[in-house]
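Asks: My structure is in run.csv, and what it holds is CSV, C-alpha atoms:
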chain,number,residue,atom,x,y,z
A,343,MET,CA,62.5,79.5,99.7
A,344,LEU,CA,65.8,81.2,100.4
A,345,ASP,CA,66.9,84.2,98.4
A,346,ARG,CA,69.3,87.0,99.0
A,347,PHE,CA,66.6,89.0,100.8
A,348,GLY,CA,65.5,86.1,103.1
A,349,GLN,CA,67.6,87.3,106.1
A,350,GLY,CA,67.3,91.1,105.8
A,351,LEU,CA,69.7,93.7,107.1
A,352,PRO,CA,71.1,93.5,110.6
A,353,ASP,CA,69.2,95.5,113.2
A,354,PRO,CA,71.4,98.5,114.2
A,355,GLN,CA,69.9,98.4,117.7
A,356,GLU,CA,71.3,94.9,118.3
A,357,GLU,CA,74.9,96.0,117.7
A,358,THR,CA,77.1,95.5,120.7
A,359,GLU,CA,79.6,98.2,120.0
A,360,SER,CA,78.7,101.9,120.2
A,361,PRO,CA,79.3,103.7,116.9
A,362,GLU,CA,80.3,106.8,118.8
A,363,LEU,CA,83.4,105.2,120.3
A,364,PRO,CA,86.7,105.3,118.3
A,365,VAL,CA,88.2,102.0,117.4
A,366,ASP,CA,91.7,103.3,116.8
A,367,GLU,CA,93.7,106.4,116.0
A,368,CYS,CA,95.7,107.3,112.9
A,369,ALA,CA,99.2,105.8,113.2
A,370,ASN,CA,100.7,108.9,111.7
A,371,ASP,CA,102.3,110.6,114.7
A,372,GLU,CA,101.6,114.1,113.2
A,373,CYS,CA,97.9,113.3,112.8
A,374,GLN,CA,96.5,110.9,115.4
A,375,THR,CA,92.9,111.5,114.3
A,376,TRP,CA,90.4,109.2,115.9
A,377,ILE,CA,89.2,106.4,113.6
A,378,TYR,CA,85.5,105.3,114.0
A,379,ARG,CA,83.7,102.2,112.9
A,380,GLY,CA,82.7,102.5,109.3
A,381,ASP,CA,85.4,105.0,108.4
A,382,LYS,CA,87.5,104.5,105.3
A,383,VAL,CA,91.1,103.7,106.3
A,384,TRP,CA,94.3,102.4,104.9
A,385,ARG,CA,96.2,99.6,106.6
A,386,TYR,CA,100.0,99.1,106.4
A,387,ASP,CA,102.1,96.8,108.5
A,388,GLY,CA,99.1,96.4,110.9
A,389,ASP,CA,98.7,100.1,111.4
A,390,LEU,CA,95.6,102.1,110.4
A,391,TYR,CA,95.8,105.5,108.7
A,392,CYS,CA,92.9,107.9,108.2
A,393,LYS,CA,94.1,109.4,104.9
A,394,LEU,CA,96.3,108.3,102.1
A,395,ARG,CA,98.4,111.3,102.8
A,396,CYS,CA,99.0,110.1,106.4
A,397,LEU,CA,100.1,106.7,105.1
A,398,ALA,CA,102.4,108.2,102.5
A,399,LYS,CA,103.9,110.5,105.2
A,400,ALA,CA,104.5,107.5,107.5
A,401,MET,CA,106.3,105.7,104.7
A,402,GLY,CA,108.6,108.6,104.2
A,403,ALA,CA,107.1,109.9,100.9
A,404,VAL,CA,107.5,113.7,100.3
A,405,GLU,CA,105.4,115.9,98.1
A,406,MET,CA,107.2,117.9,95.5
A,407,LYS,CA,106.9,119.3,92.0
A,408,ALA,CA,108.4,117.5,89.0
Would you mind writing the file's structure down as structure tokens?
Replies:
Amino acid sequence: MLDRFGQGLPDPQEETESPELPVDECANDECQTWIYRGDKVWRYDGDLYCKLRCLAKAMGAVEMKA
């Protein structure tokens, strides 16, 4: 009988990529923080950004008071 628990979770020891190695860096030139597997990121035009603030900055947004 197959159910949603029939396969189980993947074995972390079988993963081929090391979780310690960065997969990319933030595309914001002022930041360039390393991005690691599993990090929450934002993608725009194929680039990855580590924070929403970095994405907004790269798009030319400015922070100001109304």
Asks: Near stretch 381-397 of chain A, counting all atoms listed in the file, which residues have an atom at most 9 Å away, once you skip same-chain residues fewer than 4 positions from it, shown as a list in words?
Replies: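 The neighbour list is Asp366, Glu367, Cys368, Ala369, Asn370, Asp371, Glu372, Cys373, Gln374, Thr375, Trp376, Ile377, Met401, Gly402 and Ala403 of chain A.
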Asks: Could you check how far atom CA of A:Asp353 sits from atom CA of A:Tyr378, in Å to one decimal?
Replies: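 Atom CA of A:Tyr378 lies 19.0 Å from atom CA of A:Asp353.
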Asks: Kindly give the distance, in Å, that separates atom CA of A:Ala398 and atom CA of A:Glu362, rounded to a single decimal.
Replies: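 If I compute the distance from atom CA of A:Ala398 to atom CA of A:Glu362, I get 27.5 Å.
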Asks: What gap, in Å, lies between atom CA of A:Ala400 and atom CA of A:Gly380?
Replies: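 Going from atom CA of A:Ala400 over to atom CA of A:Gly380, I get 22.4 Å.
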